[in-house]
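Asker: The structure that follows is given in the form of structure tokens.
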Amino acid sequence: MIEDPGLQIDAVIDSAVALHGSRPDSLIAVMQVVNGGLGYLPREALYRISERLKIPSSEVYHVATFYNAFSLTPKGRHSVKVCLGTACHVRGAPRILDEIRRCLEIESGETTPDMEYTLETVNCIGACALGPVVVIDQHYYRAEPGKVDKLFKAFADSGLTVEEVRAKQEIPAEEVVQSRFDSGKVSVTVCGGTGCQAYGCEAIAIGIEEELVRAGVREKVRFVQTGCRGFCEKGPIIVVQPENLFYQQVTLADVDEIVLKSVLGGQAVERLLYRLPGTETTVLHEEDIPFYAHQDRIIFGDNGRISPQIIEDYLVHCNGYEALRKALQMNPDSIIDEITRSGLRGRGGGGFPTGLKWATCRKAHGEPKYVICNADEGDPGAYMDRSLLEGNPHRVLEGMIIGAYAIGANEGYVYVRNEYPLAVKHIGIAINQAREKGFLGRNILNSGFDFDVKIARGGGAFVCGESTALMASLEGRAGEPRAKYIHTVDSGLWGKPSNLNNVETWANVPFIITNGADWYASIGTEGSKGTKIFSLVGKVLNTGLVEVPMGVTLRKLIFDVGGGIPDGKRFKAVQTGGPSGGCLPESLLDLKIDFDELYNAGSMMGSGGLIVMDETSCMVDVARYFLNFLSDESCGKCVPCREGIAAMFNILTDICEGRGTKEHMPLLQELAEATAQGSLCALGGSAANPVLSTLRYFPEEYRAHIEEHKCPAKVCKALITFNILADNCTGCAACVRKCPQKVISGKKKEAHVIDQSGCIKCGVCFDTCRFQAIEVE
Amino acid sequence: MKETKNIIFTLDGREAEARPDETVLSVAKRLGVDIPALCHHQAVTSYGACRLCVVEVKKGKRTRIVTACIYIPADGDVVETGNERVNKLRRIILELLLARCPEVDLIRSLAGQYGVDASSRFRVSGSAGAGERCIICGLCVRVCAEVMGQHAIGYANRGGKRMIATPFETQTEDCIGCGACVFVCPTNALHLEDIGGKRVMKELYTSMPMMKCTGCGREFATEKQIEKVRHCLPAAHDKIAMCPSCRRAAFRDAAGQALI
Ligand SMILES: Cc1cc2nc3c(=O)[nH]c(=O)nc-3n(C[C@H](O)[C@H](O)[C@H](O)COP(=O)(O)O)c2cc1C
Ligand code: SF4
Ligand code: SF4
Ligand code: SF4
Ligand code: FES
Ligand code: FES
Ligand code: FES
């Protein structure tokens with residue numbers, strides 16, 4: 001530890017510059033290292049960075065205050081991050097935040113006086129199936145309303161070693177039937193995706209490996225930690241081959257039995273099998289579980305077969321880099337022609353035809369050309385890009401190399417969202433391995449083609465998913481979009497022709513090259529070809545990532561794959577397309593999901609988030625939620641977006657708080673249209689969609705708020721009251737102990753009452769009562 | 001390949017010609033067509049932030065809204081600078097700006113021209129409302145960087161919290177007190193005052209010593225401005241620390257001496 005803070009700052013900056021260089025475009029990367037090393041960015045450090053990188057301090061300050069990843073004030077020893085992403089929002093994240101605020105006695109953004117905890121909010125950390133999610137340091141937790149104390153307890157216990165938690169069962173070595181392993185087909189795969197990590201799969205994987213060693217079969221069994229398998233809701237997931245046994249919600253206590261019975265003995269452990277909802281019928285194999293049975297997992301299925309950290313897995317089990325070999329034998333124009341004929345459209349949101357984009361970039365004048373992978377995945381509630389990069393990074397890389405060859409680019413970037421550390425790690429490993437094997441670098445596979453890829457980490461800004469903002473960010477600047485009258489394929493990164501595609505778009509490319517355009521075009525609908533990965537989250541039974549052909553109906557996705565709405569509640573709406581999308585009502589459940597159908601219904605494909613809402617979601621609140629998100633995430637450059645969103649948000653707040661007036665609905669409409677037409681980039685351009693779609697499909701819910709001062713979903717605090725039903729109340733006083741305001745009183749074993757004047761409507765009493773004695777009105 | 005041929009398009013129903021790379025706003029100015037433009041200034045690059053200069057462009061069947069200060073027309077474009085759709089959009093933008101800066105005369109009069117009531121129906125972002133004069137047009141930032149080469153001021157934060165700021169909202173070494181930012185600000189959001197031997201710019205947290213003219217003793221520029229001139233013109237003559245009129249007089253004298 002160096003004592004002098006000035007020296008310490010210099011040391012950190014030295015190491016950052018050694019790592020990332022001192023060119024101006026290294027600014028964000030250097031600041032990330034310094035912020036990580038010192039816990040924040042002291043003023044002195046920013047001045048020195050400004051000198052070292054020769055960037056005016058005014059610009060350094062802009063960058064430091066623009067991105068969420070940077071803090072100008074010291075942070076506590078532990079960081080508590082509450083996810084307020086859409087999937088978590090509809091599952092009660094705001095209440096979790098309220099409880100943690102009361103528990104730590106600080107507001108979000110603040111640090112406890114003892115410097116122990118800093119409380120922050122994030123908009124989706126890509127573990128949406130678990131929602132509501134809280135992350136304490138690197139540990140992910142599924143939070144429950146009324147039980148945040150449990151979280152901190154679990155966090156305190158997280159220091160315990162595997163040994164201390166695990167139930168042990170000795171395996172007598174002589175009992176192991178060695179012939180079972182002769183085929184070489186025995187394998188155990190443990191899901192290591194972020195969702196399952198939240199459920200402690202790391203420790204389970206360690207446990208399994210130890211047991212295999214103990215049983216003396218480690219060398220004979222293929223043991224793999226895979227990326228996300230999609231069914232994160234049921235994590236941690238383990239699959240044993242060759243019997244193809246699918247285990248869900250495995251705990252450390254189950255490890256020994258799985259190894260003993262299944263790996264060594266080929267028998268199923270009944271208790272860990274999937275059960276058909278509402279029955280005791282167990283299902284042995286993944287493909288028979290309804291969640292998987294209705295899917296078509298062309299792109300995503302490989303995740304379950306390989307370790308993302310081992311290139312040989314990709315080569316052997318996924319036909320890896322064969323498409324690249326084939327492509328390098330083709331001429332670039334015929335590759336582009338193949339992609340064009342396949343009908344592939346960009347998965348990043350706009351659905352732009354990929355072949356056309358490549359062709360334009362190929363023809364553009366200017367050298368060098370760049371290809372970029374957009375892994376900024378900002379849509380709260382969507383995490384397919386994360387899971388692809390984490391689970392099968394070589395597939396994405398292979399697509400990029402093919403694209404670069406077709407376009408004539410020798411340099412590439414992967415721009416990864418700041419909140420995705422595991423994805424950064426895995427794509428980094430993949431790039432190094434691909435270089436070693438000659439798939440990247442000079443003279444790739446002796447074709448004479450050179451190409452290499454760098455990783456850039458985002459700084460935590462949704463708008464950086466927008467192409468021009470992303471490129472500004474890659475250049476080391478604040479992520480401000482610019483007008484796109486000149487397209488980025490002609491003038492993008494450093495003014496050079498640049499081809500940007502989404503993670504999933506790139507991942508589709510190798511399949512098209514391998515199987516041909518005709519095969520690809522045979523899947524999907526007229527205007528939208530291939531499959532699409534959706535993030536099915538919110539109020540749906542089976543949450544997770546699902547891949548289906550374009551054109552599947554919303555109903556099929558939500559009810560067949562998703563298993564419908566839990567707790568006997570009624571479906572109300574599905575939000576598609578993230579903050580720029582819209583909410584679709586029950587009457588549109590038979591809509592075929594593709595780019596055009598969704599657009600015509602006033603929503604969007606976006607990146608493929610599908611957030612299901614039931615009768616407990618208030619549509620005015622949801623619209624307000626998105627505008628709040630967007631007003632934080634707008635870059636703030638242009639007036640219609642910055643002020644228009646704020647104005648709409650303020651009107652929606654008035655409506656939610658009972659101050660709505662007759663004029664508000666038409667006023668929202670007027671503002672929405674102006675914001676859409678007048679904004680500089682598509683963030684502002686689509687910001688009004690949540691408002692327009694809820695106004696269009698749920699006008700009666702607005703009216704209930706405005707005219708009757710009622711929130712039919714019982715969400716808007718100002719419009720509801722909590723009462724105790726004397727008939728049901730047993731006087732157990734459980735709620736009395738939990739009420740943070742101490743406004744519940746009554747005699748022992750007699751009906752209690754809430755003093756309305758002090759009630760803050762936190763709903764803790766409602767969650768606590770076991771006798772349904774609390775009603776919301 | 002650089003386009004060298006002029007572009008022929010239609011502007012409000014009449015034929016117009018644009019030089020290659022010339023924006024609609026520039027052509028309109030030449031032809032005397034008035035388009036309101038708050039974040040544009042000929043001395044600096046266009047930015048596209050205020051969106052007041054929106055116009056409608058028809059290309060074949062497609063129409064869209066673009067900003068005149070950035071959009072470079074193509075042959076055959078049909079541009080309308082003041083149709084109902086455009087005016088409606090400008091009205092809302094002005095009403096939003098009015099909600100942010102109710103006291104700025106320029107906004108009030110523009111709003112009036114477009115038929116917006118003196119009181120806006122909206123509540124907008126952050127610091128908006130009473131006392132706020134800055135519309136974050138960014139002219140000051142661009143003038144300081146592009147014209148003065150100082151990069152003393154920039155932006156801070158994003159979204160509704162975005163604002164104009166010097167680093168850490170304190171006095172910055174990079175400012176020379178030239179006042180170019182104050183001069184270019186369309187809403188008088190920045191102020192400059194010379195008092196007690198100092199130049200004070202309160203919105204920029206800045207106060208810096210003035211230079212006294214070696215001739216008449218009048219304070220005529222900041223020390224840093226003189227330093228900058230000295231730096232830019234290394235061979236600068238010894239009269240650099242004189243106010244313009246003393247300098248002229250000194251030259252005249254010197255010339256006179258030479259004649260004799
Ligand atoms: C505000 C905003 C956020 C965006 N975020 C993303 C994103 O997170 N990931 C992404 O791939 N595309 C995102 N996009 C779309 C990109 O601008 C771009 O269209 C896309 O990456 C192009 O790739 P594609 O053609 O493969 O879809 C965003 C667009 C906007 C306007
Ligand atoms: S529309 Fe919003 S995000 Fe896009 S440039 Fe304007 S202010 Fe920035
Ligand atoms: S006065 Fe300072 S901030 Fe303003 S333009 Fe001059 S140098 Fe820049
Ligand atoms: S201070 Fe003036 S010139 Fe600078 S951004 Fe604000 S309004 Fe524009
Ligand atoms: S993790 Fe909370 S919404 Fe995605
Ligand atoms: S993370 Fe394990 S199934 Fe998604
Ligand atoms: S003058 Fe064109 S956007 Fe401001």
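Chain identifiers are assigned as A, B, and so on, following the order in which chains appear in the structure tokens; residues are numbered from 1 within each chain, and ligands are numbered from 1 in order of appearance.
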I need the contact residues of chain A against chain B, so if you could list those with any atom within 6 Å, counting only C-alpha atoms, and return them as a PyMOL selection string, that would help.
Answerer: chain A and resi 58+61-62+65-66+631-639+642-643+646-647+674
Asker: Which residues are near segment 488-500 of chain A? Cut-off 9 Å, only C-alpha atoms, ignore same chain within fewer than 2 positions. Put them as an MDAnalysis selection string.
Answerer: chainID A and resid 357:358 360:374 403:404 407 409 467:468 470:472 474:475 484 486 502
Asker: Considering only C-alpha atoms and all ligand atoms, give me a table of residues in chain A that are at most 10 Å from ligand 5, with the closest atom pair and distance in Å for each, as a tab-separated table.
Answerer:
residue	atom	partner	partner_atom_place_in_ligand_line	distance
A:Val82	CA	ligand 5	2 (Fe)	8.2
A:Cys83	CA	ligand 5	2 (Fe)	4.6
A:Leu84	CA	ligand 5	2 (Fe)	5.8
A:Gly85	CA	ligand 5	3 (S)	3.4
A:Thr86	CA	ligand 5	3 (S)	4.8
A:Ala87	CA	ligand 5	3 (S)	4.1
A:Cys88	CA	ligand 5	2 (Fe)	4.3
A:His89	CA	ligand 5	3 (S)	6.9
A:Val90	CA	ligand 5	3 (S)	8.9
A:Arg91	CA	ligand 5	2 (Fe)	9.2
A:Ala93	CA	ligand 5	2 (Fe)	8.2
A:Val122	CA	ligand 5	2 (Fe)	8.0
A:Asn123	CA	ligand 5	3 (S)	6.4
A:Cys124	CA	ligand 5	4 (Fe)	3.6
A:Ile125	CA	ligand 5	1 (S)	4.3
A:Gly126	CA	ligand 5	4 (Fe)	4.5
A:Ala127	CA	ligand 5	1 (S)	4.1
A:Cys128	CA	ligand 5	4 (Fe)	3.5
A:Ala129	CA	ligand 5	1 (S)	7.2
A:Leu130	CA	ligand 5	1 (S)	7.1
A:Gly131	CA	ligand 5	2 (Fe)	5.5
A:Pro132	CA	ligand 5	2 (Fe)	6.0
A:Val133	CA	ligand 5	2 (Fe)	5.6
A:Val134	CA	ligand 5	2 (Fe)	8.3
A:Val135	CA	ligand 5	1 (S)	9.6
A:Tyr140	CA	ligand 5	1 (S)	9.7
A:Arg142	CA	ligand 5	1 (S)	9.6
A:Gly195	CA	ligand 5	1 (S)	9.1
A:Gly378	CA	ligand 5	4 (Fe)	9.7
A:Asp379	CA	ligand 5	4 (Fe)	8.4
A:Pro380	CA	ligand 5	3 (S)	5.0
A:Gly381	CA	ligand 5	4 (Fe)	4.1
A:Ala382	CA	ligand 5	4 (Fe)	6.3
A:Tyr383	CA	ligand 5	4 (Fe)	7.1
A:Ser535	CA	ligand 5	4 (Fe)	9.4
A:Val537	CA	ligand 5	3 (S)	8.4
A:Gly538	CA	ligand 5	3 (S)	8.6
A:Gly609	CA	ligand 5	4 (Fe)	9.7
A:Ile611	CA	ligand 5	3 (S)	9.3
Asker: Tell me, as a list in words, which residues lie within 10 Å of Lys147 of chain A, counting only C-alpha atoms; anything in the same chain fewer than 6 positions away does not count.
Answerer: Ile96, Glu99, Ile100, Lys738, Val764, Asp767 and Thr768 of chain A
Asker: Please list as a list in words every residue within 8 Å of segment 180-192 of chain B, counting only C-alpha atoms and excluding residues in the same chain fewer than 5 positions away.
Answerer: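 The filter keeps Leu38, Val104, Asp105, Leu106, Ile107, Glu132, Arg133, Cys134, Ile135, Leu139, Cys140, Val141, Val143, Cys144, Met148, Arg199, Val200, Met201, Lys202, Glu203 and Leu204 of chain B.
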Asker: Using only C-alpha atoms and all ligand atoms for the distances, tell me which of A:Arg435, A:Arg386, A:Lys662, A:His285 is nearest to ligand 1.
Answerer: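 Going through A:Arg435, A:Arg386, A:Lys662, A:His285 one by one, the smallest distance to ligand 1 is for A:Arg386.
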Asker: For atom CA of Val503 of chain A and atom 26 (O, counted along the ligand's line) of ligand 1, determine how far apart the two atoms are, in Å to one decimal place.
Answerer: 7.1 Å
Asker: For ligand 6, list the contacting residues at 9 Å or closer, counting only C-alpha atoms and all ligand atoms, as an mmCIF file with all heavy atoms, in the first residue's frame.
Answerer:
data_model
loop_
_atom_site.group_PDB
_atom_site.id
_atom_site.type_symbol
_atom_site.label_atom_id
_atom_site.label_comp_id
_atom_site.auth_asym_id
_atom_site.auth_seq_id
_atom_site.Cartn_x
_atom_site.Cartn_y
_atom_site.Cartn_z
ATOM 1 N N ALA A 127 -29.796 -10.750 -15.421
ATOM 2 C CA ALA A 127 -30.166 -11.983 -14.734
ATOM 3 C C ALA A 127 -31.667 -11.925 -14.485
ATOM 4 O O ALA A 127 -32.166 -12.296 -13.429
ATOM 5 C CB ALA A 127 -29.397 -12.126 -13.431
ATOM 6 N N ALA A 129 -34.338 -13.424 -15.235
ATOM 7 C CA ALA A 129 -35.205 -14.531 -14.862
ATOM 8 C C ALA A 129 -35.312 -14.656 -13.352
ATOM 9 O O ALA A 129 -36.237 -15.263 -12.827
ATOM 10 C CB ALA A 129 -34.684 -15.828 -15.460
ATOM 11 N N VAL A 190 -22.556 -28.549 -15.925
ATOM 12 C CA VAL A 190 -23.137 -27.678 -14.909
ATOM 13 C C VAL A 190 -23.268 -26.305 -15.545
ATOM 14 O O VAL A 190 -22.301 -25.793 -16.109
ATOM 15 C CB VAL A 190 -22.208 -27.575 -13.682
ATOM 16 C CG1 VAL A 190 -22.827 -26.670 -12.623
ATOM 17 C CG2 VAL A 190 -21.917 -28.947 -13.109
ATOM 18 N N CYS A 191 -24.454 -25.739 -15.477
ATOM 19 C CA CYS A 191 -24.618 -24.410 -16.052
ATOM 20 C C CYS A 191 -23.836 -23.386 -15.228
ATOM 21 O O CYS A 191 -23.958 -23.342 -14.007
ATOM 22 C CB CYS A 191 -26.086 -23.997 -16.113
ATOM 23 S SG CYS A 191 -26.270 -22.332 -16.759
ATOM 24 N N GLY A 192 -23.029 -22.604 -15.911
ATOM 25 C CA GLY A 192 -22.242 -21.586 -15.228
ATOM 26 C C GLY A 192 -22.650 -20.184 -15.644
ATOM 27 O O GLY A 192 -21.907 -19.228 -15.455
ATOM 28 N N GLY A 193 -23.830 -20.050 -16.233
ATOM 29 C CA GLY A 193 -24.306 -18.725 -16.652
ATOM 30 C C GLY A 193 -24.599 -17.850 -15.445
ATOM 31 O O GLY A 193 -24.659 -18.325 -14.307
ATOM 32 N N THR A 194 -24.818 -16.576 -15.731
ATOM 33 C CA THR A 194 -24.990 -15.632 -14.630
ATOM 34 C C THR A 194 -26.189 -15.969 -13.760
ATOM 35 O O THR A 194 -26.140 -15.855 -12.539
ATOM 36 C CB THR A 194 -25.128 -14.207 -15.185
ATOM 37 O OG1 THR A 194 -23.933 -13.921 -15.892
ATOM 38 C CG2 THR A 194 -25.309 -13.206 -14.082
ATOM 39 N N GLY A 195 -27.281 -16.419 -14.396
ATOM 40 C CA GLY A 195 -28.477 -16.746 -13.631
ATOM 41 C C GLY A 195 -28.188 -17.850 -12.633
ATOM 42 O O GLY A 195 -28.527 -17.764 -11.442
ATOM 43 N N CYS A 196 -27.564 -18.902 -13.115
ATOM 44 C CA CYS A 196 -27.265 -20.021 -12.227
ATOM 45 C C CYS A 196 -26.208 -19.655 -11.199
ATOM 46 O O CYS A 196 -26.208 -20.158 -10.082
ATOM 47 C CB CYS A 196 -26.857 -21.249 -13.036
ATOM 48 S SG CYS A 196 -28.257 -21.967 -13.919
ATOM 49 N N GLN A 197 -25.314 -18.748 -11.575
ATOM 50 C CA GLN A 197 -24.323 -18.302 -10.589
ATOM 51 C C GLN A 197 -25.011 -17.648 -9.405
ATOM 52 O O GLN A 197 -24.564 -17.769 -8.275
ATOM 53 C CB GLN A 197 -23.341 -17.325 -11.231
ATOM 54 C CG GLN A 197 -22.341 -18.030 -12.115
ATOM 55 C CD GLN A 197 -21.117 -17.191 -12.402
ATOM 56 O OE1 GLN A 197 -21.036 -16.025 -12.030
ATOM 57 N NE2 GLN A 197 -20.158 -17.806 -13.080
ATOM 58 N N ALA A 198 -26.103 -16.969 -9.704
ATOM 59 C CA ALA A 198 -26.827 -16.333 -8.617
ATOM 60 C C ALA A 198 -27.357 -17.368 -7.643
ATOM 61 O O ALA A 198 -27.571 -17.096 -6.471
ATOM 62 C CB ALA A 198 -27.974 -15.510 -9.177
ATOM 63 N N TYR A 199 -27.569 -18.570 -8.153
ATOM 64 C CA TYR A 199 -28.047 -19.636 -7.280
ATOM 65 C C TYR A 199 -26.901 -20.496 -6.745
ATOM 66 O O TYR A 199 -27.116 -21.587 -6.241
ATOM 67 C CB TYR A 199 -28.999 -20.555 -8.041
ATOM 68 C CG TYR A 199 -30.328 -19.950 -8.376
ATOM 69 C CD1 TYR A 199 -30.763 -19.876 -9.690
ATOM 70 C CD2 TYR A 199 -31.172 -19.488 -7.373
ATOM 71 C CE1 TYR A 199 -31.999 -19.361 -10.011
ATOM 72 C CE2 TYR A 199 -32.409 -18.969 -7.692
ATOM 73 C CZ TYR A 199 -32.819 -18.900 -9.010
ATOM 74 O OH TYR A 199 -34.039 -18.398 -9.323
ATOM 75 N N CYS A 201 -24.074 -21.849 -8.466
ATOM 76 C CA CYS A 201 -23.592 -22.973 -9.260
ATOM 77 C C CYS A 201 -22.081 -23.136 -9.195
ATOM 78 O O CYS A 201 -21.559 -24.215 -9.432
ATOM 79 C CB CYS A 201 -24.038 -22.841 -10.715
ATOM 80 S SG CYS A 201 -23.177 -21.533 -11.588
ATOM 81 N N THR A 226 -20.933 -24.966 -18.551
ATOM 82 C CA THR A 226 -21.431 -24.326 -19.771
ATOM 83 C C THR A 226 -21.874 -22.896 -19.493
ATOM 84 O O THR A 226 -21.861 -22.441 -18.351
ATOM 85 C CB THR A 226 -22.657 -25.073 -20.318
ATOM 86 O OG1 THR A 226 -23.738 -24.875 -19.398
ATOM 87 C CG2 THR A 226 -22.382 -26.555 -20.479
ATOM 88 N N GLY A 227 -22.288 -22.251 -20.550
ATOM 89 C CA GLY A 227 -22.961 -20.970 -20.389
ATOM 90 C C GLY A 227 -24.446 -21.213 -20.160
ATOM 91 O O GLY A 227 -24.886 -22.351 -19.990
ATOM 92 N N CYS A 228 -25.217 -20.136 -20.199
ATOM 93 C CA CYS A 228 -26.643 -20.205 -19.887
ATOM 94 C C CYS A 228 -27.389 -21.163 -20.815
ATOM 95 O O CYS A 228 -27.208 -21.158 -22.024
ATOM 96 C CB CYS A 228 -27.236 -18.804 -20.016
ATOM 97 S SG CYS A 228 -29.014 -18.757 -19.841
ATOM 98 N N ARG A 229 -28.255 -21.986 -20.223
ATOM 99 C CA ARG A 229 -29.056 -22.930 -20.999
ATOM 100 C C ARG A 229 -30.473 -22.416 -21.207
ATOM 101 O O ARG A 229 -31.332 -23.141 -21.683
ATOM 102 C CB ARG A 229 -29.120 -24.272 -20.295
ATOM 103 C CG ARG A 229 -27.779 -24.772 -19.820
ATOM 104 C CD ARG A 229 -27.910 -26.135 -19.205
ATOM 105 N NE ARG A 229 -28.353 -27.087 -20.189
ATOM 106 C CZ ARG A 229 -27.649 -28.147 -20.577
ATOM 107 N NH1 ARG A 229 -26.482 -28.381 -20.059
ATOM 108 N NH2 ARG A 229 -28.123 -28.977 -21.467
ATOM 109 N N GLY A 230 -30.724 -21.234 -20.763
ATOM 110 C CA GLY A 230 -32.002 -20.610 -21.032
ATOM 111 C C GLY A 230 -33.042 -20.689 -19.928
ATOM 112 O O GLY A 230 -33.833 -19.783 -19.750
ATOM 113 N N PHE A 231 -33.016 -21.803 -19.180
ATOM 114 C CA PHE A 231 -34.090 -21.985 -18.192
ATOM 115 C C PHE A 231 -33.622 -21.500 -16.813
ATOM 116 O O PHE A 231 -33.680 -22.230 -15.831
ATOM 117 C CB PHE A 231 -34.454 -23.473 -18.132
ATOM 118 C CG PHE A 231 -35.881 -23.742 -17.719
ATOM 119 C CD1 PHE A 231 -36.784 -22.716 -17.509
ATOM 120 C CD2 PHE A 231 -36.323 -25.051 -17.550
ATOM 121 C CE1 PHE A 231 -38.102 -22.981 -17.142
ATOM 122 C CE2 PHE A 231 -37.634 -25.333 -17.183
ATOM 123 C CZ PHE A 231 -38.524 -24.290 -16.980
ATOM 124 N N CYS A 232 -33.185 -20.260 -16.776
ATOM 125 C CA CYS A 232 -32.507 -19.745 -15.592
ATOM 126 C C CYS A 232 -33.398 -19.784 -14.352
ATOM 127 O O CYS A 232 -32.930 -19.905 -13.235
ATOM 128 C CB CYS A 232 -32.055 -18.330 -15.838
ATOM 129 S SG CYS A 232 -31.378 -18.060 -17.461
ATOM 130 N N GLU A 233 -34.683 -19.657 -14.594
ATOM 131 C CA GLU A 233 -35.653 -19.729 -13.512
ATOM 132 C C GLU A 233 -35.422 -20.947 -12.628
ATOM 133 O O GLU A 233 -35.578 -20.903 -11.411
ATOM 134 C CB GLU A 233 -37.044 -19.834 -14.163
ATOM 135 C CG GLU A 233 -38.156 -20.217 -13.243
ATOM 136 C CD GLU A 233 -38.798 -19.002 -12.645
ATOM 137 O OE1 GLU A 233 -39.103 -18.098 -13.420
ATOM 138 O OE2 GLU A 233 -38.966 -18.949 -11.414
ATOM 139 N N LYS A 234 -35.031 -22.052 -13.258
ATOM 140 C CA LYS A 234 -34.913 -23.313 -12.530
ATOM 141 C C LYS A 234 -33.475 -23.646 -12.159
ATOM 142 O O LYS A 234 -33.149 -24.780 -11.840
ATOM 143 C CB LYS A 234 -35.481 -24.462 -13.388
ATOM 144 C CG LYS A 234 -36.959 -24.291 -13.700
ATOM 145 C CD LYS A 234 -37.803 -24.761 -12.534
ATOM 146 C CE LYS A 234 -39.280 -24.735 -12.878
ATOM 147 N NZ LYS A 234 -40.047 -23.885 -11.991
ATOM 148 N N GLY A 235 -32.591 -22.673 -12.267
ATOM 149 C CA GLY A 235 -31.186 -22.937 -11.988
ATOM 150 C C GLY A 235 -30.941 -23.311 -10.545
ATOM 151 O O GLY A 235 -31.821 -23.134 -9.699
ATOM 152 N N PRO A 236 -29.767 -23.829 -10.220
ATOM 153 C CA PRO A 236 -28.726 -24.273 -11.142
ATOM 154 C C PRO A 236 -29.136 -25.559 -11.859
ATOM 155 O O PRO A 236 -29.767 -26.430 -11.258
ATOM 156 C CB PRO A 236 -27.530 -24.555 -10.244
ATOM 157 C CG PRO A 236 -27.833 -23.909 -8.950
ATOM 158 C CD PRO A 236 -29.313 -23.870 -8.832
ATOM 159 N N ILE A 237 -28.721 -25.646 -13.114
ATOM 160 C CA ILE A 237 -29.105 -26.774 -13.941
ATOM 161 C C ILE A 237 -27.897 -27.680 -14.191
ATOM 162 O O ILE A 237 -26.801 -27.204 -14.472
ATOM 163 C CB ILE A 237 -29.685 -26.266 -15.279
ATOM 164 C CG1 ILE A 237 -31.059 -25.647 -15.003
ATOM 165 C CG2 ILE A 237 -29.784 -27.381 -16.317
ATOM 166 C CD1 ILE A 237 -31.643 -24.912 -16.164
ATOM 167 N N ILE A 238 -28.128 -28.988 -14.072
ATOM 168 C CA ILE A 238 -27.070 -29.972 -14.327
ATOM 169 C C ILE A 238 -27.626 -31.028 -15.272
ATOM 170 O O ILE A 238 -28.773 -31.463 -15.118
ATOM 171 C CB ILE A 238 -26.616 -30.634 -13.010
ATOM 172 C CG1 ILE A 238 -25.900 -29.601 -12.142
ATOM 173 C CG2 ILE A 238 -25.717 -31.843 -13.283
ATOM 174 C CD1 ILE A 238 -25.244 -30.161 -10.914
ATOM 175 N N GLY A 304 -25.467 -25.298 -24.305
ATOM 176 C CA GLY A 304 -25.520 -26.398 -23.347
ATOM 177 C C GLY A 304 -24.482 -27.479 -23.618
ATOM 178 O O GLY A 304 -24.326 -28.398 -22.822
ATOM 179 N N SER A 387 -25.892 -13.806 -22.838
ATOM 180 C CA SER A 387 -25.776 -15.247 -22.725
ATOM 181 C C SER A 387 -25.045 -15.860 -23.911
ATOM 182 O O SER A 387 -24.361 -16.865 -23.760
ATOM 183 C CB SER A 387 -27.158 -15.876 -22.561
ATOM 184 O OG SER A 387 -27.709 -15.430 -21.352
ATOM 185 N N GLY A 544 -36.963 -17.156 -18.765
ATOM 186 C CA GLY A 544 -35.667 -17.553 -19.298
ATOM 187 C C GLY A 544 -35.512 -17.105 -20.729
ATOM 188 O O GLY A 544 -36.279 -16.283 -21.230
ATOM 189 N N LEU A 545 -34.500 -17.666 -21.388
ATOM 190 C CA LEU A 545 -34.246 -17.327 -22.779
ATOM 191 C C LEU A 545 -34.819 -18.410 -23.665
ATOM 192 O O LEU A 545 -34.577 -19.592 -23.438
ATOM 193 C CB LEU A 545 -32.740 -17.219 -23.028
ATOM 194 C CG LEU A 545 -32.051 -16.060 -22.329
ATOM 195 C CD1 LEU A 545 -30.562 -16.091 -22.626
ATOM 196 C CD2 LEU A 545 -32.654 -14.733 -22.758
#
Asker: Find the spatial neighbours of Gly658 of chain A, counting only C-alpha atoms, within a cut-off of 7 Å - ignore same-chain residues fewer than 5 positions away - and output them as number ranges by chain.
Answerer: A: 705-706, 709, 718-719
Asker: Pull the helix (DSSP H, G or I) assignments for segment 35-119 of chain B out of DSSP run on the backbone, and list those residues as a list in words.
Answerer: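 Of segment 35-119 of chain B, only Glu84, Arg85, Val86, Asn87, Lys88, Leu89, Arg90, Arg91, Ile92, Ile93, Leu94, Glu95, Leu96, Leu97, Leu98, Ala99, Arg100, Asp105, Leu106, Ile107, Arg108, Ser109, Leu110, Ala111, Gly112 and Gln113 of chain B fall in helix (DSSP H, G or I).
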Asker: Taking only C-alpha atoms and all ligand atoms into account, which of B:Ala111, B:Ala221, B:Ala37, B:Met242 comes nearest ligand 7?
Answerer: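 That would be B:Ala37, the residue with the smallest distance to ligand 7.
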